Amino acid sequence: MATPLSRRRFLQASAASAGSLVVGFHIPFAGVASAQPATAPEVNAWVVVRPDDTVVIRIVRSEMGQGTLTGLAQLVAEELECDWSRVTTEYPTPGQSLARNRVWGNFSTGGSRGIRESQDYVRKGGATARMMLVQAAASEWNVPVAECTVANGVITHKPSGRTTTYGKVAGAAGKLAPPADVPLKDPKDWKLAGKRLARLDTVEKTNGSIVYGMDLKLPGMLNAAIVDCPVFGGKVKSVNADAVMKRAGVVKVVRVGDSAVAVVADTWWRAKTALEALPIEWDYGPNAKASSAEFAKVLAAGLDGKDAVVGNQVGDAQAAIAAAPRKLEAVYAYPHQNHATMEPMNATARWTPERCEVWTPTQNGEAALAATSEAAGLPQAKCDVYKLPLGGGFGRRGAVHDWVRQAVAVAKEMPGTPVKLLWSREEDMLHGRYHPVTQCKLVAGLDEKGEITALSMRISGQSILAGVAPQNVKDGRDPVVFQGLNASGPEASIGYTFPALLIDHAMRNPHVPPGFWRGVNLNQNAIYLECFLDEIAHATQQDPLALRRKLMAKHPKHLAVLNAAAERAGWGKPLPAGMHRGIAQTMGFGSYVAAVAEVSVSKDGVLKVHRIVAATDPGHAVNPQQIEAQVEGSFAYGLSAALFGACTVKDGRIEQTNFHDYPVVRMEHMPKVETVIVPSGGFWGGVGEPTIAVAAPAVLNAIFAATGKRIRDLPLAKHSLKA
Amino acid sequence: MPSLNVNGKVLQYEADPGTPLLWVLREQLGLTGTKYGCGIAQCGSCTVHIDGVPTRSCIRTVESVGASEKIVTIEGLSPDGRHPVQKAWAELDVPQCGFCQSGMIMAAAALLQSKPNPTDAEIDAAMTNICRCGTYNRVRAAIKVVAGGGDPKRAGLDIQHANASGASGTSAKEAV
């Protein structure tokens, strides 16, 4: 195969013989002997134009439903001036990127950074290719470039009226030196970017043809099921493999590291059922008695611990609170959450002493390649990872590639044989990388008029970085803890000015492995601050919106978005009987967001979230209809956690095993969501995550308005809303 | 060898007793459009039609399905992927990651077969599938588009289908 694998080409390869498959996957680029028909050479790393004028745009950020593939292609095509109806995309592999000195930049697709952190270089990639294509035409005609124009992939020499197409000059263009100066369009001149274009990957998701990691079938492939010690930190004491080796289809029982056992069989169902029948003795290790209840006590103690690290400080908040005539205090808590992607973790690996290849849904091809290399015991140059569509990511498939390491470890026991490792839902629930558990104590000092004189906010609990990237924790400081609460900056700054402020963090890490979960720490930070502000507003007889506006005078971008949500929702206008509103705002992942929720609570305590108005300022809006889809989806995810979600630990293990005891939002719970996009320009913010953080506080504040009940300990399912 | 009637064809399979229909479809018959999501009939990713009835194939043992019962999977819902539900899904860009969408589409197609003009409450009751991306509002909108005769304008989403790989090559605004 001559170019990186697009999904369709990959499918062709999968259906081809083993021989051509090997050749196809081993030979990345044009000019090398290939079993596949050669495609056109590239114009540059980002753009290939085939002789039939089809444009292939290369993207290395992963598509997991958030629309980044389409959005980035729009940005490239905008500068390229090609015919959007001829655009397709493909994924270069991390191995190809490594071999080309990371020409495509960062593969990591998390932190809502797909578009905002690659927009500059992908647009330049498109613009560079356009300039080279036009130059090639001009050179062929022997005319000045300045006399040529281009639109929809057709180059015109104005004086002579001659035309040609990108497909005809792409070969020559690819041989030119790229221009040094590559100006980009002013976004106000965009024709494709900023438009409500349909996604490029929808149809294959409506007819069953898209091949997710779970669906991959390679010639000669075997299937593996795995069980890791249900208690984190435990080990396998013994396994009686003989007990299952005579079962139909079972090929091998493999110890994976010191804590897991896999069964390899001809089908996954046989592997899974054999695994369930396999006698395994565990050594549960030092965490065998750990529980969420015990850990909650550790967190509670941390609320007054002396070892906190300051995240944001203005003046002397403690002194101001001590001197205040009136104080308000509240303690909030937010539990562990599982990503619960619809597609459980999976990877297919083939290992030989010379090479290791992995096919997997991943949010970060480069991290997957690093994990492959380490597990395979081979340098990265002798490995590669082929990204497959993700059945959900939400952060689970990005930072830690534990399932890839397992798949490679199993494949290493059967050299040359591709093995597909698929986790059961139960394995996925018990071995997540969980949203961290925290508590928060907030104290406000109020003067005689009820004005806030000082606010302190002590977060006690788990650090994601300490678990995922401890090298980034310096002197007990995990900067990610303070998302949405930072003093200033383009990423996640607080939207309020207080006369005195102290926000600090006492790190308390349980044995449960943490991970980045859609919205990350913005989720609970927004609940803590936005619900407590609501408490202050009610305690001082102020309108929650009016109080916020007062505190936000010096934060115009935050305020503009809050106002946009409030105005669309009709804040202050009468609602039908029984309906109540709540409001919240925050900033994270570079974007400003706010929401107004409308809820009702019946006498029996049944909550209905009727309507959400959500506003976002992401700077630039590359595809508004996809932004709307992301905002809607973020409320389903955020409300799943707020209403139902908690992963709790008993006897060292997670108690929730499937969707019956880790319920999530379904159709019947889903509110109507109205998205208000107010891009103010001049910066690039993310879209996938920020609005999730205002889902819970807006609804919790509305619940208070409806019932007078202040829910400070999530999920809501723990509490009765009965009158 | 036992057989199943799947998507209009009689197909033979080999599987141990107790194997769920889902895994026979996926691993014996190569029909991977039907997904495994939970294995306990909670999420609906494995939804297929058996004699028109939406069925969670992850808990239905294969031997309990008679050779004459007609199974339809996402691959067989229409010959060309242009079932009205599939068309509406594409016009409204319903899927995000897409993993749950085969099950969603099968559930929606069965609902619309039995109730051509479902109320919101009927949609809530029938569409119990889980989607973690949160496509529920577009799922609902697409069901209503089908119920209303297929005009995507009814959804008011104004999605421009300019790309050949998109739904129809026309704008949802213009499409009839």
# chains A, B, ... in the order shown; residues from 1 in each chain; ligands from 1

$ residues_around --residues "A:Gln625" --least-positions-apart "4" --cutoff "7 Å" --atoms "only C-alpha atoms" --output "list in words"
Arg196 and Ala629 of chain A; Ile159 of chain B

$ interface_residues --of "chain B" --to "chain A" --cutoff "7 Å" --atoms "only C-alpha atoms" --output "ChimeraX atom specification"
/B:23,27,32-33,37-38,42,74-75,81,86,89-90,93,95-102,124,127-130,132-137,159-167

$ write_last_selection --atoms "N, CA and C atoms" --output "compact mmCIF listing (two decimals), in the first residue's frame"
# COMPACT_ATOMS: atom_id res chain seq x y z
N TRP B 23 -22.97 -13.43 19.23
CA TRP B 23 -21.61 -13.88 18.92
C TRP B 23 -21.58 -14.81 17.72
N GLU B 27 -19.10 -13.60 15.03
CA GLU B 27 -17.89 -14.41 14.88
C GLU B 27 -18.04 -15.55 13.89
N THR B 32 -20.53 -7.93 11.69
CA THR B 32 -20.01 -7.20 12.86
C THR B 32 -20.68 -5.84 13.06
N GLY B 33 -21.67 -5.52 12.23
CA GLY B 33 -22.40 -4.28 12.45
C GLY B 33 -23.19 -4.31 13.76
N GLY B 37 -21.95 -4.51 23.71
CA GLY B 37 -21.70 -3.37 24.58
C GLY B 37 -21.74 -3.72 26.05
N CYS B 38 -22.61 -4.67 26.43
CA CYS B 38 -22.74 -4.97 27.86
C CYS B 38 -22.92 -6.45 28.14
N GLN B 42 -28.62 -4.54 28.62
CA GLN B 42 -28.81 -3.21 29.18
C GLN B 42 -28.69 -2.11 28.13
N ILE B 74 -28.37 -4.91 11.01
CA ILE B 74 -28.17 -3.61 10.38
C ILE B 74 -27.73 -3.76 8.93
N GLU B 75 -26.95 -4.82 8.66
CA GLU B 75 -26.47 -5.02 7.29
C GLU B 75 -27.61 -5.36 6.33
N GLY B 81 -28.62 0.53 2.15
CA GLY B 81 -28.39 1.48 3.22
C GLY B 81 -29.30 2.68 3.16
N GLN B 86 -32.27 5.00 8.02
CA GLN B 86 -30.85 5.24 7.69
C GLN B 86 -30.68 6.57 6.96
N TRP B 89 -31.00 9.33 9.45
CA TRP B 89 -29.79 9.35 10.29
C TRP B 89 -28.64 10.09 9.59
N ALA B 90 -28.52 9.80 8.29
CA ALA B 90 -27.43 10.44 7.55
C ALA B 90 -27.72 11.92 7.31
N ASP B 93 -26.94 13.78 10.46
CA ASP B 93 -25.65 13.53 11.12
C ASP B 93 -25.87 13.03 12.55
N PRO B 95 -25.07 10.09 14.14
CA PRO B 95 -24.02 9.41 14.90
C PRO B 95 -22.90 10.35 15.34
N GLN B 96 -22.34 10.05 16.50
CA GLN B 96 -21.07 10.67 16.86
C GLN B 96 -20.01 9.58 16.72
N CYS B 97 -19.66 8.88 17.80
CA CYS B 97 -18.69 7.78 17.57
C CYS B 97 -19.33 6.70 16.71
N GLY B 98 -20.64 6.52 16.84
CA GLY B 98 -21.36 5.61 15.97
C GLY B 98 -21.53 4.20 16.48
N PHE B 99 -20.85 3.86 17.56
CA PHE B 99 -20.81 2.46 18.00
C PHE B 99 -22.20 1.92 18.37
N CYS B 100 -23.01 2.75 19.01
CA CYS B 100 -24.33 2.29 19.44
C CYS B 100 -25.37 2.41 18.34
N GLN B 101 -24.99 3.01 17.21
CA GLN B 101 -26.00 3.46 16.25
C GLN B 101 -26.67 2.33 15.49
N SER B 102 -25.99 1.21 15.27
CA SER B 102 -26.68 0.07 14.64
C SER B 102 -27.89 -0.32 15.48
N ASP B 124 -39.51 7.58 24.06
CA ASP B 124 -38.78 7.30 25.30
C ASP B 124 -38.88 5.83 25.70
N MET B 127 -37.03 3.56 22.85
CA MET B 127 -35.61 3.80 22.58
C MET B 127 -34.85 3.80 23.91
N THR B 128 -34.62 2.60 24.43
CA THR B 128 -33.92 2.49 25.71
C THR B 128 -32.44 2.20 25.53
N ASN B 129 -31.97 2.28 24.30
CA ASN B 129 -30.55 2.03 24.02
C ASN B 129 -29.68 3.11 24.66
N ILE B 130 -28.48 2.71 25.04
CA ILE B 130 -27.54 3.67 25.63
C ILE B 130 -26.62 4.22 24.56
N ARG B 132 -23.34 6.85 24.81
CA ARG B 132 -22.51 7.65 25.72
C ARG B 132 -22.12 8.98 25.10
N CYS B 133 -22.08 9.06 23.77
CA CYS B 133 -21.78 10.35 23.15
C CYS B 133 -22.93 11.33 23.36
N GLY B 134 -24.13 10.81 23.54
CA GLY B 134 -25.27 11.68 23.79
C GLY B 134 -25.99 12.16 22.55
N THR B 135 -26.27 11.22 21.64
CA THR B 135 -26.93 11.59 20.38
C THR B 135 -28.45 11.61 20.50
N TYR B 136 -28.95 11.47 21.72
CA TYR B 136 -30.40 11.24 21.90
C TYR B 136 -31.29 12.27 21.20
N ASN B 137 -30.90 13.54 21.26
CA ASN B 137 -31.80 14.54 20.67
C ASN B 137 -31.87 14.40 19.15
N ILE B 159 -28.10 21.24 7.94
CA ILE B 159 -26.81 20.61 7.70
C ILE B 159 -26.55 20.56 6.20
N GLN B 160 -25.37 21.02 5.80
CA GLN B 160 -25.06 21.10 4.38
C GLN B 160 -24.33 19.84 3.91
N HIS B 161 -24.97 19.10 3.05
CA HIS B 161 -24.38 17.86 2.54
C HIS B 161 -23.71 18.13 1.20
N ALA B 162 -22.54 18.71 1.27
CA ALA B 162 -21.85 19.06 0.03
C ALA B 162 -20.93 17.95 -0.43
N ASN B 163 -20.57 17.08 0.49
CA ASN B 163 -19.54 16.10 0.16
C ASN B 163 -20.15 14.83 -0.41
N ALA B 164 -19.45 14.26 -1.37
CA ALA B 164 -19.94 13.05 -2.03
C ALA B 164 -20.12 11.91 -1.06
N SER B 165 -19.33 11.91 0.00
CA SER B 165 -19.46 10.81 0.96
C SER B 165 -20.53 11.12 2.01
N GLY B 166 -21.18 12.27 1.87
CA GLY B 166 -22.24 12.61 2.80
C GLY B 166 -23.52 11.89 2.45
N ALA B 167 -24.61 12.40 2.95
CA ALA B 167 -25.86 11.64 2.87
C ALA B 167 -26.42 11.60 1.46

$ select_by_dssp --residues "stretch 105-176 of chain B" --states "alpha helix (DSSP H)" --output "ChimeraX atom specification"
/B:105-114,120-126,136-147

$ write_last_selection --atoms "C-alpha atoms" --output "short mmCIF file (atom, residue, chain, number, x, y, z; two decimals), in the first residue's frame"
data_model
loop_
_atom_site.label_atom_id
_atom_site.label_comp_id
_atom_site.auth_asym_id
_atom_site.auth_seq_id
_atom_site.Cartn_x
_atom_site.Cartn_y
_atom_site.Cartn_z
CA ILE B 105 -31.33 2.36 14.08
CA MET B 106 -32.73 -1.15 14.50
CA ALA B 107 -34.75 -0.06 17.53
CA ALA B 108 -36.02 3.02 15.68
CA ALA B 109 -36.93 1.04 12.57
CA ALA B 110 -38.93 -1.42 14.68
CA LEU B 111 -40.65 1.39 16.56
CA LEU B 112 -41.67 3.15 13.36
CA GLN B 113 -42.90 -0.14 11.91
CA SER B 114 -45.30 -0.63 14.81
CA ASP B 120 -42.33 11.54 22.63
CA ALA B 121 -43.41 9.20 25.40
CA GLU B 122 -43.51 6.29 22.96
CA ILE B 123 -40.05 7.20 21.71
CA ASP B 124 -38.78 7.30 25.30
CA ALA B 125 -40.32 3.91 26.02
CA ALA B 126 -39.04 2.20 22.88
CA TYR B 136 -30.40 11.24 21.90
CA ASN B 137 -31.80 14.54 20.67
CA ARG B 138 -30.80 13.87 17.08
CA VAL B 139 -32.08 10.30 17.38
CA ARG B 140 -35.43 11.71 18.43
CA ALA B 141 -35.33 14.31 15.67
CA ALA B 142 -34.51 11.67 13.05
CA ILE B 143 -37.37 9.44 14.19
CA LYS B 144 -39.72 12.41 13.82
CA VAL B 145 -38.32 13.17 10.37
CA VAL B 146 -39.15 9.63 9.27
CA ALA B 147 -42.57 9.80 10.89
#

$ residues_around --residues "A:Ala73" --least-positions-apart "3" --cutoff "10 Å" --atoms "only C-alpha atoms" --output "list in words"
Trp46, Val56, Ile57, Arg58, Ile59, Thr68, Leu69, Thr70, Val76, Ala77, Glu78, Trp84, Val87, Thr88, Thr89, Val122, Arg123, Gly126, Leu192, Ala193 and Leu200 of chain A

$ atom_distance --atom1 "atom CA of A:Gly220" --atom2 "atom CA of A:Arg350"
10.7 Å

$ residues_around --residues "stretch 482-499 of chain A" --least-positions-apart "2" --cutoff "8 Å" --atoms "only C-alpha atoms" --output "compact mmCIF listing (two decimals) with C-alpha atoms, in the first residue's frame"
# COMPACT_ATOMS: atom_id res chain seq x y z
CA GLY A 311 -3.59 27.34 43.20
CA ASN A 312 -4.97 30.86 43.26
CA GLN A 313 -4.57 33.54 45.89
CA VAL A 314 -5.66 37.15 46.23
CA GLY A 315 -4.92 39.00 49.47
CA ILE A 452 -18.56 38.77 49.65
CA THR A 453 -15.36 39.93 51.37
CA ALA A 454 -13.41 36.73 50.86
CA LEU A 455 -13.73 33.20 49.53
CA PRO A 479 -1.78 22.22 38.19
CA VAL A 480 -4.63 20.34 36.49
CA LEU A 501 -9.40 34.54 47.57
CA ILE A 503 -7.95 28.17 46.42
CA ASN A 521 -11.37 18.50 36.92
CA LEU A 522 -13.54 21.23 35.47
CA ASN A 525 -14.67 22.46 40.25
CA ALA A 526 -17.62 24.02 38.44
CA ARG A 548 -22.48 36.64 39.17
CA LEU A 551 -18.43 39.53 40.39
CA MET A 552 -17.67 39.25 36.67
CA ALA A 553 -17.24 42.88 35.74
CA LYS A 554 -13.54 42.34 35.06
CA HIS A 555 -14.12 39.14 33.08
CA HIS A 558 -16.97 34.95 30.74
CA LEU A 559 -19.73 37.49 31.27
CA THR A 586 -17.09 28.33 33.79
CA MET A 587 -14.08 28.37 31.52
CA GLY A 588 -11.99 25.43 30.46
CA PHE A 589 -10.08 23.98 27.53
CA GLY A 590 -9.76 27.50 26.21
CA SER A 591 -13.50 28.17 25.91

$ closest_atom_pairs --of "stretch 48-144 of chain B" --to "stretch 6-20 of chain B" --cutoff "8 Å" --atoms "only C-alpha atoms" --output "JSON lines"
{"residue": "B:Ser57", "atom": "CA", "partner": "B:Pro20", "partner_atom": "CA", "distance": 6.5}
{"residue": "B:Cys58", "atom": "CA", "partner": "B:Pro20", "partner_atom": "CA", "distance": 5.4}
{"residue": "B:Ile59", "atom": "CA", "partner": "B:Pro20", "partner_atom": "CA", "distance": 5.7}
{"residue": "B:Arg60", "atom": "CA", "partner": "B:Pro20", "partner_atom": "CA", "distance": 5.3}
{"residue": "B:Thr61", "atom": "CA", "partner": "B:Pro20", "partner_atom": "CA", "distance": 4.2}
{"residue": "B:Val62", "atom": "CA", "partner": "B:Pro20", "partner_atom": "CA", "distance": 5.4}
{"residue": "B:Glu63", "atom": "CA", "partner": "B:Pro17", "partner_atom": "CA", "distance": 6.7}
{"residue": "B:Lys70", "atom": "CA", "partner": "B:Val6", "partner_atom": "CA", "distance": 6.2}
{"residue": "B:Ile71", "atom": "CA", "partner": "B:Val6", "partner_atom": "CA", "distance": 4.7}
{"residue": "B:Val72", "atom": "CA", "partner": "B:Asn7", "partner_atom": "CA", "distance": 4.9}
{"residue": "B:Thr73", "atom": "CA", "partner": "B:Asn7", "partner_atom": "CA", "distance": 6.6}
{"residue": "B:Glu75", "atom": "CA", "partner": "B:Asn7", "partner_atom": "CA", "distance": 7.6}
{"residue": "B:Gly76", "atom": "CA", "partner": "B:Asn7", "partner_atom": "CA", "distance": 4.8}
{"residue": "B:Leu77", "atom": "CA", "partner": "B:Asn7", "partner_atom": "CA", "distance": 7.6}

$ write_last_selection --atoms "N, CA and C atoms" --output "PDB file, in the first residue's frame"
ATOM      1  N   SER B  57     -29.662  -9.301  21.128  1.00  0.00           N
ATOM      2  CA  SER B  57     -29.108 -10.602  20.725  1.00  0.00           C
ATOM      3  C   SER B  57     -28.016 -11.088  21.663  1.00  0.00           C
ATOM      4  N   CYS B  58     -27.607 -10.268  22.638  1.00  0.00           N
ATOM      5  CA  CYS B  58     -26.527 -10.705  23.519  1.00  0.00           C
ATOM      6  C   CYS B  58     -26.998 -11.682  24.583  1.00  0.00           C
ATOM      7  N   ILE B  59     -28.333 -11.729  24.831  1.00  0.00           N
ATOM      8  CA  ILE B  59     -28.816 -12.685  25.834  1.00  0.00           C
ATOM      9  C   ILE B  59     -29.747 -13.735  25.226  1.00  0.00           C
ATOM     10  N   ARG B  60     -29.872 -13.729  23.920  1.00  0.00           N
ATOM     11  CA  ARG B  60     -30.732 -14.717  23.249  1.00  0.00           C
ATOM     12  C   ARG B  60     -29.830 -15.842  22.739  1.00  0.00           C
ATOM     13  N   THR B  61     -29.968 -17.023  23.319  1.00  0.00           N
ATOM     14  CA  THR B  61     -29.092 -18.111  22.871  1.00  0.00           C
ATOM     15  C   THR B  61     -29.444 -18.490  21.437  1.00  0.00           C
ATOM     16  N   VAL B  62     -28.431 -18.872  20.698  1.00  0.00           N
ATOM     17  CA  VAL B  62     -28.641 -19.128  19.280  1.00  0.00           C
ATOM     18  C   VAL B  62     -29.560 -20.321  19.057  1.00  0.00           C
ATOM     19  N   GLU B  63     -29.482 -21.300  19.947  1.00  0.00           N
ATOM     20  CA  GLU B  63     -30.325 -22.479  19.709  1.00  0.00           C
ATOM     21  C   GLU B  63     -31.801 -22.198  19.984  1.00  0.00           C
ATOM     22  N   LYS B  70     -37.073 -15.134  11.116  1.00  0.00           N
ATOM     23  CA  LYS B  70     -36.320 -14.253  10.224  1.00  0.00           C
ATOM     24  C   LYS B  70     -35.572 -13.187  11.022  1.00  0.00           C
ATOM     25  N   ILE B  71     -34.245 -13.280  10.958  1.00  0.00           N
ATOM     26  CA  ILE B  71     -33.399 -12.310  11.646  1.00  0.00           C
ATOM     27  C   ILE B  71     -32.986 -11.235  10.647  1.00  0.00           C
ATOM     28  N   VAL B  72     -33.093  -9.990  11.066  1.00  0.00           N
ATOM     29  CA  VAL B  72     -32.564  -8.892  10.251  1.00  0.00           C
ATOM     30  C   VAL B  72     -31.556  -8.123  11.093  1.00  0.00           C
ATOM     31  N   THR B  73     -30.356  -7.931  10.549  1.00  0.00           N
ATOM     32  CA  THR B  73     -29.326  -7.132  11.212  1.00  0.00           C
ATOM     33  C   THR B  73     -29.190  -5.799  10.470  1.00  0.00           C
ATOM     34  N   GLU B  75     -26.955  -4.821   8.659  1.00  0.00           N
ATOM     35  CA  GLU B  75     -26.475  -5.018   7.290  1.00  0.00           C
ATOM     36  C   GLU B  75     -27.612  -5.355   6.334  1.00  0.00           C
ATOM     37  N   GLY B  76     -28.709  -5.903   6.882  1.00  0.00           N
ATOM     38  CA  GLY B  76     -29.806  -6.330   6.017  1.00  0.00           C
ATOM     39  C   GLY B  76     -31.046  -5.464   6.133  1.00  0.00           C
ATOM     40  N   LEU B  77     -30.939  -4.357   6.859  1.00  0.00           N
ATOM     41  CA  LEU B  77     -32.127  -3.512   7.054  1.00  0.00           C
ATOM     42  C   LEU B  77     -32.655  -2.995   5.722  1.00  0.00           C
TER      43      LEU B  77
END

$ closest_residue --among "A:Gln406, A:Ser139, A:Gln318, A:Gln524" --to "A:Glu374" --atoms "only C-alpha atoms"
A:Gln406

$ atom_distance --atom1 "atom CA of A:Ile711" --atom2 "atom CA of A:Leu562"
22.8 Å

$ closest_residue --among "A:Gly461, A:Gly467, A:Pro690, A:Pro697" --to "A:Ala597" --atoms "only C-alpha atoms"
A:Pro697

$ atom_distance --atom1 "atom CA of A:Phe532" --atom2 "atom CA of A:Ala696"
12.9 Å

$ residues_around --residues "A:Ala324" --least-positions-apart "2" --cutoff "8 Å" --atoms "only C-alpha atoms" --output "ChimeraX atom specification"
/A:320-322,326-327,445-447,453

$ select_by_dssp --residues "stretch 48-209 of chain A" --states "strand (DSSP E)" --output "VMD selection string"
chain A and resid 48 to 49 55 to 58 87 to 90 148 to 151 154 to 157 162 to 165

$ closest_residue --among "A:Val606, A:Val182, A:Ile115, A:Leu716" --to "A:Arg61" --atoms "only C-alpha atoms"
A:Ile115

$ residues_around --residues "A:Trp571" --least-positions-apart "4" --cutoff "10 Å" --atoms "only C-alpha atoms" --output "mmCIF file with C-alpha atoms, in the first residue's frame"
data_model
loop_
_atom_site.group_PDB
_atom_site.id
_atom_site.type_symbol
_atom_site.label_atom_id
_atom_site.label_comp_id
_atom_site.auth_asym_id
_atom_site.auth_seq_id
_atom_site.Cartn_x
_atom_site.Cartn_y
_atom_site.Cartn_z
ATOM 1 C CA LEU A 545 -27.405 35.854 37.824
ATOM 2 C CA ASN A 563 -25.417 36.744 29.400
ATOM 3 C CA ALA A 565 -27.223 31.850 27.948
ATOM 4 C CA ALA A 566 -29.352 33.884 30.336
ATOM 5 C CA GLU A 567 -30.926 35.927 27.574
ATOM 6 C CA LEU A 575 -41.983 30.016 33.865
ATOM 7 C CA ARG A 581 -34.234 27.575 36.645
ATOM 8 C CA GLY A 582 -30.606 27.219 37.626
ATOM 9 C CA ILE A 583 -27.552 28.867 36.125
ATOM 10 C CA VAL A 596 -29.343 27.618 32.217
#

$ residues_around --residues "stretch 332-336 of chain A" --least-positions-apart "6" --cutoff "6 Å" --atoms "only C-alpha atoms" --output "ChimeraX atom specification"
/A:434-440,646-647,712-714
